[in-house]
file entry-v8.pdb (PDB, N, CA and C atoms)
ATOM      1  N   MET A   1     -47.302 116.073   3.180
ATOM      2  CA  MET A   1     -46.958 117.479   3.297
ATOM      3  C   MET A   1     -46.584 117.993   1.910
ATOM      4  N   TRP A   2     -47.174 119.063   1.513
ATOM      5  CA  TRP A   2     -46.925 119.656   0.207
ATOM      6  C   TRP A   2     -46.047 120.879   0.351
ATOM      7  N   THR A   3     -45.101 121.008  -0.541
ATOM      8  CA  THR A   3     -44.293 122.220  -0.615
ATOM      9  C   THR A   3     -44.609 122.878  -1.949
ATOM     10  N   GLN A   4     -45.123 124.086  -1.890
ATOM     11  CA  GLN A   4     -45.460 124.788  -3.114
ATOM     12  C   GLN A   4     -44.603 126.026  -3.242
ATOM     13  N   ILE A   5     -44.161 126.279  -4.454
ATOM     14  CA  ILE A   5     -43.371 127.457  -4.752
ATOM     15  C   ILE A   5     -44.226 128.352  -5.642
ATOM     16  N   PRO A   6     -44.361 129.618  -5.304
ATOM     17  CA  PRO A   6     -45.176 130.488  -6.157
ATOM     18  C   PRO A   6     -44.548 130.626  -7.546
ATOM     19  N   PRO A   7     -45.369 130.876  -8.566
ATOM     20  CA  PRO A   7     -44.834 131.020  -9.928
ATOM     21  C   PRO A   7     -43.819 132.165 -10.003
ATOM     22  N   GLU A   8     -42.753 131.919 -10.755
ATOM     23  CA  GLU A   8     -41.703 132.909 -10.965
ATOM     24  C   GLU A   8     -41.334 132.924 -12.441
ATOM     25  N   LEU A   9     -40.903 134.063 -12.929
ATOM     26  CA  LEU A   9     -40.451 134.179 -14.306
ATOM     27  C   LEU A   9     -38.955 133.924 -14.346
ATOM     28  N   HIS A  10     -38.539 132.971 -15.171
ATOM     29  CA  HIS A  10     -37.119 132.631 -15.311
ATOM     30  C   HIS A  10     -36.732 132.742 -16.777
ATOM     31  N   LYS A  11     -35.699 133.489 -17.018
ATOM     32  CA  LYS A  11     -35.193 133.615 -18.385
ATOM     33  C   LYS A  11     -33.969 132.719 -18.485
ATOM     34  N   GLY A  12     -33.982 131.836 -19.425
ATOM     35  CA  GLY A  12     -32.884 130.901 -19.589
ATOM     36  C   GLY A  12     -33.409 129.487 -19.694
ATOM     37  N   ASP A  13     -32.481 128.547 -19.731
ATOM     38  CA  ASP A  13     -32.846 127.150 -19.975
ATOM     39  C   ASP A  13     -32.890 126.286 -18.728
ATOM     40  N   SER A  14     -32.333 126.737 -17.627
ATOM     41  CA  SER A  14     -32.284 125.858 -16.452
ATOM     42  C   SER A  14     -32.585 126.650 -15.184
ATOM     43  N   TRP A  15     -32.955 125.894 -14.176
ATOM     44  CA  TRP A  15     -33.246 126.468 -12.861
ATOM     45  C   TRP A  15     -32.951 125.408 -11.834
ATOM     46  N   SER A  16     -32.288 125.762 -10.765
ATOM     47  CA  SER A  16     -31.986 124.786  -9.717
ATOM     48  C   SER A  16     -32.674 125.215  -8.419
ATOM     49  N   PHE A  17     -32.943 124.203  -7.625
ATOM     50  CA  PHE A  17     -33.679 124.436  -6.384
ATOM     51  C   PHE A  17     -33.167 123.446  -5.344
ATOM     52  N   ASP A  18     -32.768 123.926  -4.200
ATOM     53  CA  ASP A  18     -32.292 123.055  -3.122
ATOM     54  C   ASP A  18     -33.445 122.732  -2.182
ATOM     55  N   HIS A  19     -33.626 121.453  -1.934
ATOM     56  CA  HIS A  19     -34.684 121.016  -1.029
ATOM     57  C   HIS A  19     -34.202 119.787  -0.274
ATOM     58  N   VAL A  20     -34.531 119.695   0.981
ATOM     59  CA  VAL A  20     -34.169 118.545   1.810
ATOM     60  C   VAL A  20     -35.432 117.747   2.092
ATOM     61  N   PHE A  21     -35.403 116.461   1.716
ATOM     62  CA  PHE A  21     -36.516 115.570   2.014
ATOM     63  C   PHE A  21     -36.317 115.016   3.415
ATOM     64  N   ASN A  22     -37.323 115.144   4.255
ATOM     65  CA  ASN A  22     -37.217 114.712   5.648
ATOM     66  C   ASN A  22     -37.523 113.233   5.832
ATOM     67  N   LYS A  23     -38.216 112.628   4.896
ATOM     68  CA  LYS A  23     -38.571 111.212   5.009
ATOM     69  C   LYS A  23     -38.059 110.474   3.788
ATOM     70  N   SER A  24     -37.643 109.228   3.992
ATOM     71  CA  SER A  24     -37.221 108.422   2.859
ATOM     72  C   SER A  24     -38.449 107.848   2.168
ATOM     73  N   GLY A  25     -38.271 107.443   0.937
ATOM     74  CA  GLY A  25     -39.364 106.877   0.166
ATOM     75  C   GLY A  25     -39.351 107.421  -1.248
ATOM     76  N   ASN A  26     -40.426 107.182  -1.978
ATOM     77  CA  ASN A  26     -40.558 107.658  -3.342
ATOM     78  C   ASN A  26     -41.426 108.913  -3.332
ATOM     79  N   HIS A  27     -40.823 110.037  -3.645
ATOM     80  CA  HIS A  27     -41.536 111.306  -3.655
ATOM     81  C   HIS A  27     -41.894 111.658  -5.092
ATOM     82  N   VAL A  28     -43.022 112.320  -5.270
ATOM     83  CA  VAL A  28     -43.478 112.732  -6.589
ATOM     84  C   VAL A  28     -43.311 114.242  -6.698
ATOM     85  N   LEU A  29     -42.563 114.652  -7.708
ATOM     86  CA  LEU A  29     -42.311 116.072  -7.950
ATOM     87  C   LEU A  29     -43.115 116.488  -9.170
ATOM     88  N   LYS A  30     -44.017 117.419  -8.980
ATOM     89  CA  LYS A  30     -44.881 117.896 -10.073
ATOM     90  C   LYS A  30     -44.472 119.324 -10.417
ATOM     91  N   VAL A  31     -44.144 119.535 -11.693
ATOM     92  CA  VAL A  31     -43.694 120.846 -12.162
ATOM     93  C   VAL A  31     -44.644 121.329 -13.238
ATOM     94  N   ASP A  32     -45.204 122.513 -13.027
ATOM     95  CA  ASP A  32     -46.060 123.152 -14.028
ATOM     96  C   ASP A  32     -45.266 124.264 -14.700
ATOM     97  N   LEU A  33     -45.142 124.178 -16.016
ATOM     98  CA  LEU A  33     -44.436 125.210 -16.779
ATOM     99  C   LEU A  33     -45.447 125.995 -17.601
ATOM    100  N   TYR A  34     -45.473 127.288 -17.378
ATOM    101  CA  TYR A  34     -46.367 128.169 -18.119
ATOM    102  C   TYR A  34     -45.576 128.791 -19.261
ATOM    103  N   ASN A  35     -46.048 128.633 -20.476
ATOM    104  CA  ASN A  35     -45.389 129.190 -21.646
ATOM    105  C   ASN A  35     -45.938 130.595 -21.883
ATOM    106  N   ILE A  36     -45.331 131.563 -21.219
ATOM    107  CA  ILE A  36     -45.797 132.944 -21.329
ATOM    108  C   ILE A  36     -45.145 133.568 -22.559
ATOM    109  N   GLY A  37     -45.942 134.175 -23.382
ATOM    110  CA  GLY A  37     -45.395 134.855 -24.548
ATOM    111  C   GLY A  37     -45.926 134.298 -25.843
ATOM    112  N   LYS A  38     -45.915 132.986 -26.014
ATOM    113  CA  LYS A  38     -46.388 132.415 -27.282
ATOM    114  C   LYS A  38     -47.884 132.162 -27.214
ATOM    115  N   ASP A  39     -48.285 131.098 -26.548
ATOM    116  CA  ASP A  39     -49.709 130.752 -26.520
ATOM    117  C   ASP A  39     -50.253 130.612 -25.097
ATOM    118  N   ASN A  40     -49.488 131.000 -24.108
ATOM    119  CA  ASN A  40     -49.875 130.924 -22.699
ATOM    120  C   ASN A  40     -50.339 129.519 -22.297
ATOM    121  N   SER A  41     -49.701 128.506 -22.850
ATOM    122  CA  SER A  41     -50.087 127.132 -22.540
ATOM    123  C   SER A  41     -49.422 126.668 -21.235
ATOM    124  N   LEU A  42     -49.952 125.599 -20.686
ATOM    125  CA  LEU A  42     -49.441 125.011 -19.455
ATOM    126  C   LEU A  42     -48.976 123.589 -19.752
ATOM    127  N   GLU A  43     -47.741 123.284 -19.363
ATOM    128  CA  GLU A  43     -47.219 121.929 -19.495
ATOM    129  C   GLU A  43     -46.870 121.423 -18.108
ATOM    130  N   THR A  44     -47.323 120.222 -17.791
ATOM    131  CA  THR A  44     -47.079 119.637 -16.485
ATOM    132  C   THR A  44     -46.159 118.432 -16.633
ATOM    133  N   TYR A  45     -45.106 118.415 -15.830
ATOM    134  CA  TYR A  45     -44.165 117.297 -15.809
ATOM    135  C   TYR A  45     -44.187 116.686 -14.412
ATOM    136  N   ILE A  46     -44.167 115.377 -14.356
ATOM    137  CA  ILE A  46     -44.173 114.662 -13.078
ATOM    138  C   ILE A  46     -42.921 113.791 -13.013
ATOM    139  N   PHE A  47     -42.156 113.916 -11.933
ATOM    140  CA  PHE A  47     -40.924 113.170 -11.743
ATOM    141  C   PHE A  47     -41.027 112.342 -10.469
ATOM    142  N   ASN A  48     -40.562 111.108 -10.517
ATOM    143  CA  ASN A  48     -40.419 110.297  -9.313
ATOM    144  C   ASN A  48     -39.020 110.511  -8.755
ATOM    145  N   VAL A  49     -38.939 110.859  -7.486
ATOM    146  CA  VAL A  49     -37.660 111.123  -6.839
ATOM    147  C   VAL A  49     -37.487 110.119  -5.700
ATOM    148  N   PRO A  50     -36.685 109.070  -5.902
ATOM    149  CA  PRO A  50     -36.460 108.122  -4.805
ATOM    150  C   PRO A  50     -35.459 108.696  -3.808
ATOM    151  N   VAL A  51     -35.799 108.616  -2.535
ATOM    152  CA  VAL A  51     -34.943 109.139  -1.472
ATOM    153  C   VAL A  51     -34.641 107.994  -0.512
ATOM    154  N   LEU A  52     -33.362 107.737  -0.304
ATOM    155  CA  LEU A  52     -32.934 106.679   0.612
ATOM    156  C   LEU A  52     -32.466 107.281   1.920
ATOM    157  N   THR A  53     -32.425 106.460   2.938
ATOM    158  CA  THR A  53     -31.857 106.906   4.202
ATOM    159  C   THR A  53     -30.349 106.996   4.048
ATOM    160  N   ARG A  54     -29.690 107.535   5.023
ATOM    161  CA  ARG A  54     -28.236 107.663   4.926
ATOM    162  C   ARG A  54     -27.558 106.295   4.925
ATOM    163  N   TYR A  55     -28.254 105.258   5.372
ATOM    164  CA  TYR A  55     -27.684 103.916   5.380
ATOM    165  C   TYR A  55     -28.109 103.111   4.155
ATOM    166  N   GLY A  56     -28.807 103.736   3.228
ATOM    167  CA  GLY A  56     -29.313 103.030   2.059
ATOM    168  C   GLY A  56     -28.234 102.490   1.156
ATOM    169  N   SER A  57     -27.109 103.170   1.068
ATOM    170  CA  SER A  57     -26.043 102.737   0.166
ATOM    171  C   SER A  57     -25.025 101.832   0.849
ATOM    172  N   ILE A  58     -25.245 101.490   2.093
ATOM    173  CA  ILE A  58     -24.248 100.697   2.812
ATOM    174  C   ILE A  58     -24.116  99.297   2.210
ATOM    175  N   PHE A  59     -25.188  98.756   1.659
ATOM    176  CA  PHE A  59     -25.108  97.414   1.091
ATOM    177  C   PHE A  59     -24.248  97.385  -0.164
ATOM    178  N   SER A  60     -24.406  98.366  -1.024
ATOM    179  CA  SER A  60     -23.551  98.416  -2.215
ATOM    180  C   SER A  60     -22.111  98.707  -1.830
ATOM    181  N   ASP A  61     -21.901  99.518  -0.798
ATOM    182  CA  ASP A  61     -20.532  99.778  -0.327
ATOM    183  C   ASP A  61     -19.891  98.511   0.223
ATOM    184  N   LEU A  62     -20.673  97.690   0.925
ATOM    185  CA  LEU A  62     -20.136  96.431   1.449
ATOM    186  C   LEU A  62     -19.775  95.463   0.329
ATOM    187  N   ILE A  63     -20.572  95.409  -0.708
ATOM    188  CA  ILE A  63     -20.273  94.526  -1.838
ATOM    189  C   ILE A  63     -18.994  94.974  -2.536
ATOM    190  N   ILE A  64     -18.828  96.272  -2.716
ATOM    191  CA  ILE A  64     -17.611  96.785  -3.339
ATOM    192  C   ILE A  64     -16.400  96.488  -2.470
ATOM    193  N   ALA A  65     -16.520  96.678  -1.161
ATOM    194  CA  ALA A  65     -15.402  96.398  -0.247
ATOM    195  C   ALA A  65     -15.046  94.920  -0.269
ATOM    196  N   ALA A  66     -16.035  94.047  -0.325
ATOM    197  CA  ALA A  66     -15.766  92.606  -0.386
ATOM    198  C   ALA A  66     -15.065  92.247  -1.690
ATOM    199  N   ALA A  67     -15.473  92.837  -2.795
ATOM    200  CA  ALA A  67     -14.825  92.562  -4.086
ATOM    201  C   ALA A  67     -13.376  93.026  -4.078
ATOM    202  N   VAL A  68     -13.108  94.177  -3.488
ATOM    203  CA  VAL A  68     -11.737  94.672  -3.390
ATOM    204  C   VAL A  68     -10.905  93.751  -2.503
ATOM    205  N   ALA A  69     -11.483  93.269  -1.401
ATOM    206  CA  ALA A  69     -10.760  92.364  -0.507
ATOM    207  C   ALA A  69     -10.423  91.050  -1.207
ATOM    208  N   VAL A  70     -11.357  90.475  -1.931
ATOM    209  CA  VAL A  70     -11.113  89.227  -2.655
ATOM    210  C   VAL A  70     -10.043  89.435  -3.720
ATOM    211  N   ALA A  71     -10.135  90.536  -4.461
ATOM    212  CA  ALA A  71      -9.132  90.826  -5.487
ATOM    213  C   ALA A  71      -7.748  90.997  -4.863
ATOM    214  N   SER A  72      -7.687  91.648  -3.714
ATOM    215  CA  SER A  72      -6.399  91.837  -3.035
ATOM    216  C   SER A  72      -5.802  90.505  -2.610
ATOM    217  N   VAL A  73      -6.610  89.616  -2.068
ATOM    218  CA  VAL A  73      -6.121  88.296  -1.646
ATOM    219  C   VAL A  73      -5.643  87.493  -2.851
ATOM    220  N   LEU A  74      -6.386  87.531  -3.941
ATOM    221  CA  LEU A  74      -5.975  86.794  -5.138
ATOM    222  C   LEU A  74      -4.667  87.331  -5.707
ATOM    223  N   ILE A  75      -4.505  88.639  -5.740
ATOM    224  CA  ILE A  75      -3.252  89.227  -6.219
ATOM    225  C   ILE A  75      -2.101  88.852  -5.298
ATOM    226  N   TRP A  76      -2.320  88.894  -3.985
ATOM    227  CA  TRP A  76      -1.277  88.527  -3.031
ATOM    228  C   TRP A  76      -0.873  87.059  -3.214
ATOM    229  N   MET A  77      -1.865  86.186  -3.420
ATOM    230  CA  MET A  77      -1.551  84.767  -3.637
ATOM    231  C   MET A  77      -0.741  84.583  -4.918
ATOM    232  N   LYS A  78      -1.093  85.266  -5.966
ATOM    233  CA  LYS A  78      -0.366  85.157  -7.237
ATOM    234  C   LYS A  78       1.070  85.637  -7.080
ATOM    235  N   VAL A  79       1.249  86.766  -6.413
ATOM    236  CA  VAL A  79       2.600  87.314  -6.219
ATOM    237  C   VAL A  79       3.425  86.393  -5.326
ATOM    238  N   SER A  80       2.840  85.895  -4.247
ATOM    239  CA  SER A  80       3.612  85.046  -3.332
ATOM    240  C   SER A  80       3.981  83.708  -3.976
ATOM    241  N   THR A  81       3.089  83.134  -4.793
ATOM    242  CA  THR A  81       3.450  81.877  -5.455
ATOM    243  C   THR A  81       4.495  82.101  -6.540
ATOM    244  N   SER A  82       4.446  83.230  -7.220
ATOM    245  CA  SER A  82       5.475  83.492  -8.237
ATOM    246  C   SER A  82       6.824  83.716  -7.582
ATOM    247  N   LYS A  83       6.879  84.319  -6.381
ATOM    248  CA  LYS A  83       8.139  84.498  -5.666
ATOM    249  C   LYS A  83       8.690  83.150  -5.206
ATOM    250  N   LYS A  84       7.799  82.253  -4.756
ATOM    251  CA  LYS A  84       8.238  80.920  -4.328
ATOM    252  C   LYS A  84       8.823  80.153  -5.495
ATOM    253  N   ASN A  85       8.200  80.248  -6.651
ATOM    254  CA  ASN A  85       8.685  79.547  -7.841
ATOM    255  C   ASN A  85      10.038  80.076  -8.284
ATOM    256  N   LYS A  86      10.247  81.392  -8.196
ATOM    257  CA  LYS A  86      11.538  81.971  -8.565
ATOM    258  C   LYS A  86      12.622  81.545  -7.588
ATOM    259  N   LEU A  87      12.300  81.468  -6.291
ATOM    260  CA  LEU A  87      13.298  81.072  -5.272
ATOM    261  C   LEU A  87      13.635  79.583  -5.402
ATOM    262  N   SER A  88      12.681  78.770  -5.737
ATOM    263  CA  SER A  88      12.943  77.329  -5.847
ATOM    264  C   SER A  88      13.742  76.991  -7.096
ATOM    265  N   LYS A  89      13.683  77.778  -8.128
ATOM    266  CA  LYS A  89      14.436  77.542  -9.365
ATOM    267  C   LYS A  89      15.892  77.922  -9.204
ATOM    268  N   THR A  90      16.211  78.803  -8.255
ATOM    269  CA  THR A  90      17.605  79.209  -8.086
ATOM    270  C   THR A  90      18.355  78.374  -7.095
TER
END
call {"tool": "encode", "arguments": {"input": "entry-v8.pdb", "output": "structure tokens"}}
result
Amino acid sequence: MWTQIPPELHKGDSWSFDHVFNKSGNHVLKVDLYNIGKDNSLETYIFNVPVLTRYGSIFSDLIIAAAVAVASVLIWMKVSTSKKNKLSKT
């Protein structure tokens, strides 16, 4: 399915466009820029836009959660052993 936007004149350096991709995968975004005013040349830019499902980032989130859990257990063990050592010395 192709989505085409008719040519528009934009003054300035940037332009934003909101679009929702309905399918996950690697989408190709092709942008044609017409240089109106100087030499009327056409420049074409092609961008790869990877789109993940809403569950695509769950694996990285799980790895981060596991790392935080391990770090928490290690800190708790360090604190509890240091408290035991202080109590046994007194």
call {"tool": "axis_aligned_box", "arguments": {"input": "entry-v8.pdb", "around": "range 27-30 of chain A", "padding_each_side": "8 Å", "output": "JSON"}}
result
{"center_x": -42.9, "center_y": 114.7, "center_z": -7.0, "size_x": 20.1, "size_y": 25.3, "size_z": 22.8}
call {"tool": "resolve_selection", "arguments": {"input": "entry-v8.pdb", "expression": "the PyMOL selection byres ((chain A and resi 24-40) around 8)", "output": "number ranges by chain"}}
result
A: 21-23, 41-54
call {"tool": "write_last_selection", "arguments": {"input": "entry-v8.pdb", "atoms": "N, CA and C atoms", "output": "tab-separated table (two decimals), in the coordinates of the input"}}
result
chain	number	residue	atom	x	y	z
A	21	PHE	N	-35.40	116.46	1.72
A	21	PHE	CA	-36.52	115.57	2.01
A	21	PHE	C	-36.32	115.02	3.42
A	22	ASN	N	-37.32	115.14	4.26
A	22	ASN	CA	-37.22	114.71	5.65
A	22	ASN	C	-37.52	113.23	5.83
A	23	LYS	N	-38.22	112.63	4.90
A	23	LYS	CA	-38.57	111.21	5.01
A	23	LYS	C	-38.06	110.47	3.79
A	41	SER	N	-49.70	128.51	-22.85
A	41	SER	CA	-50.09	127.13	-22.54
A	41	SER	C	-49.42	126.67	-21.24
A	42	LEU	N	-49.95	125.60	-20.69
A	42	LEU	CA	-49.44	125.01	-19.45
A	42	LEU	C	-48.98	123.59	-19.75
A	43	GLU	N	-47.74	123.28	-19.36
A	43	GLU	CA	-47.22	121.93	-19.50
A	43	GLU	C	-46.87	121.42	-18.11
A	44	THR	N	-47.32	120.22	-17.79
A	44	THR	CA	-47.08	119.64	-16.48
A	44	THR	C	-46.16	118.43	-16.63
A	45	TYR	N	-45.11	118.42	-15.83
A	45	TYR	CA	-44.16	117.30	-15.81
A	45	TYR	C	-44.19	116.69	-14.41
A	46	ILE	N	-44.17	115.38	-14.36
A	46	ILE	CA	-44.17	114.66	-13.08
A	46	ILE	C	-42.92	113.79	-13.01
A	47	PHE	N	-42.16	113.92	-11.93
A	47	PHE	CA	-40.92	113.17	-11.74
A	47	PHE	C	-41.03	112.34	-10.47
A	48	ASN	N	-40.56	111.11	-10.52
A	48	ASN	CA	-40.42	110.30	-9.31
A	48	ASN	C	-39.02	110.51	-8.76
A	49	VAL	N	-38.94	110.86	-7.49
A	49	VAL	CA	-37.66	111.12	-6.84
A	49	VAL	C	-37.49	110.12	-5.70
A	50	PRO	N	-36.68	109.07	-5.90
A	50	PRO	CA	-36.46	108.12	-4.80
A	50	PRO	C	-35.46	108.70	-3.81
A	51	VAL	N	-35.80	108.62	-2.54
A	51	VAL	CA	-34.94	109.14	-1.47
A	51	VAL	C	-34.64	107.99	-0.51
A	52	LEU	N	-33.36	107.74	-0.30
A	52	LEU	CA	-32.93	106.68	0.61
A	52	LEU	C	-32.47	107.28	1.92
A	53	THR	N	-32.42	106.46	2.94
A	53	THR	CA	-31.86	106.91	4.20
A	53	THR	C	-30.35	107.00	4.05
A	54	ARG	N	-29.69	107.54	5.02
A	54	ARG	CA	-28.24	107.66	4.93
A	54	ARG	C	-27.56	106.30	4.92
call {"tool": "select_by_dssp", "arguments": {"input": "entry-v8.pdb", "residues": "chain A", "states": "helix (DSSP H, G or I)", "output": "ChimeraX atom specification"}}
result
/A:58-89
call {"tool": "select_by_dssp", "arguments": {"input": "entry-v8.pdb", "residues": "range 19-89 of chain A", "states": "strand (DSSP E or B)", "output": "count of residues only"}}
result
22
call {"tool": "atom_distance", "arguments": {"input": "entry-v8.pdb", "atom1": "CA of Lys84 in chain A", "atom2": "CA of Ala66 in chain A"}}
result
27.0 Å
call {"tool": "atom_distance", "arguments": {"input": "entry-v8.pdb", "atom1": "atom N of Ser16 in chain A", "atom2": "atom N of Ser57 in chain A"}}
result
26.0 Å
call {"tool": "atom_distance", "arguments": {"input": "entry-v8.pdb", "atom1": "atom N of Lys78 in chain A", "atom2": "atom C of Ile58 in chain A"}}
result
28.2 Å
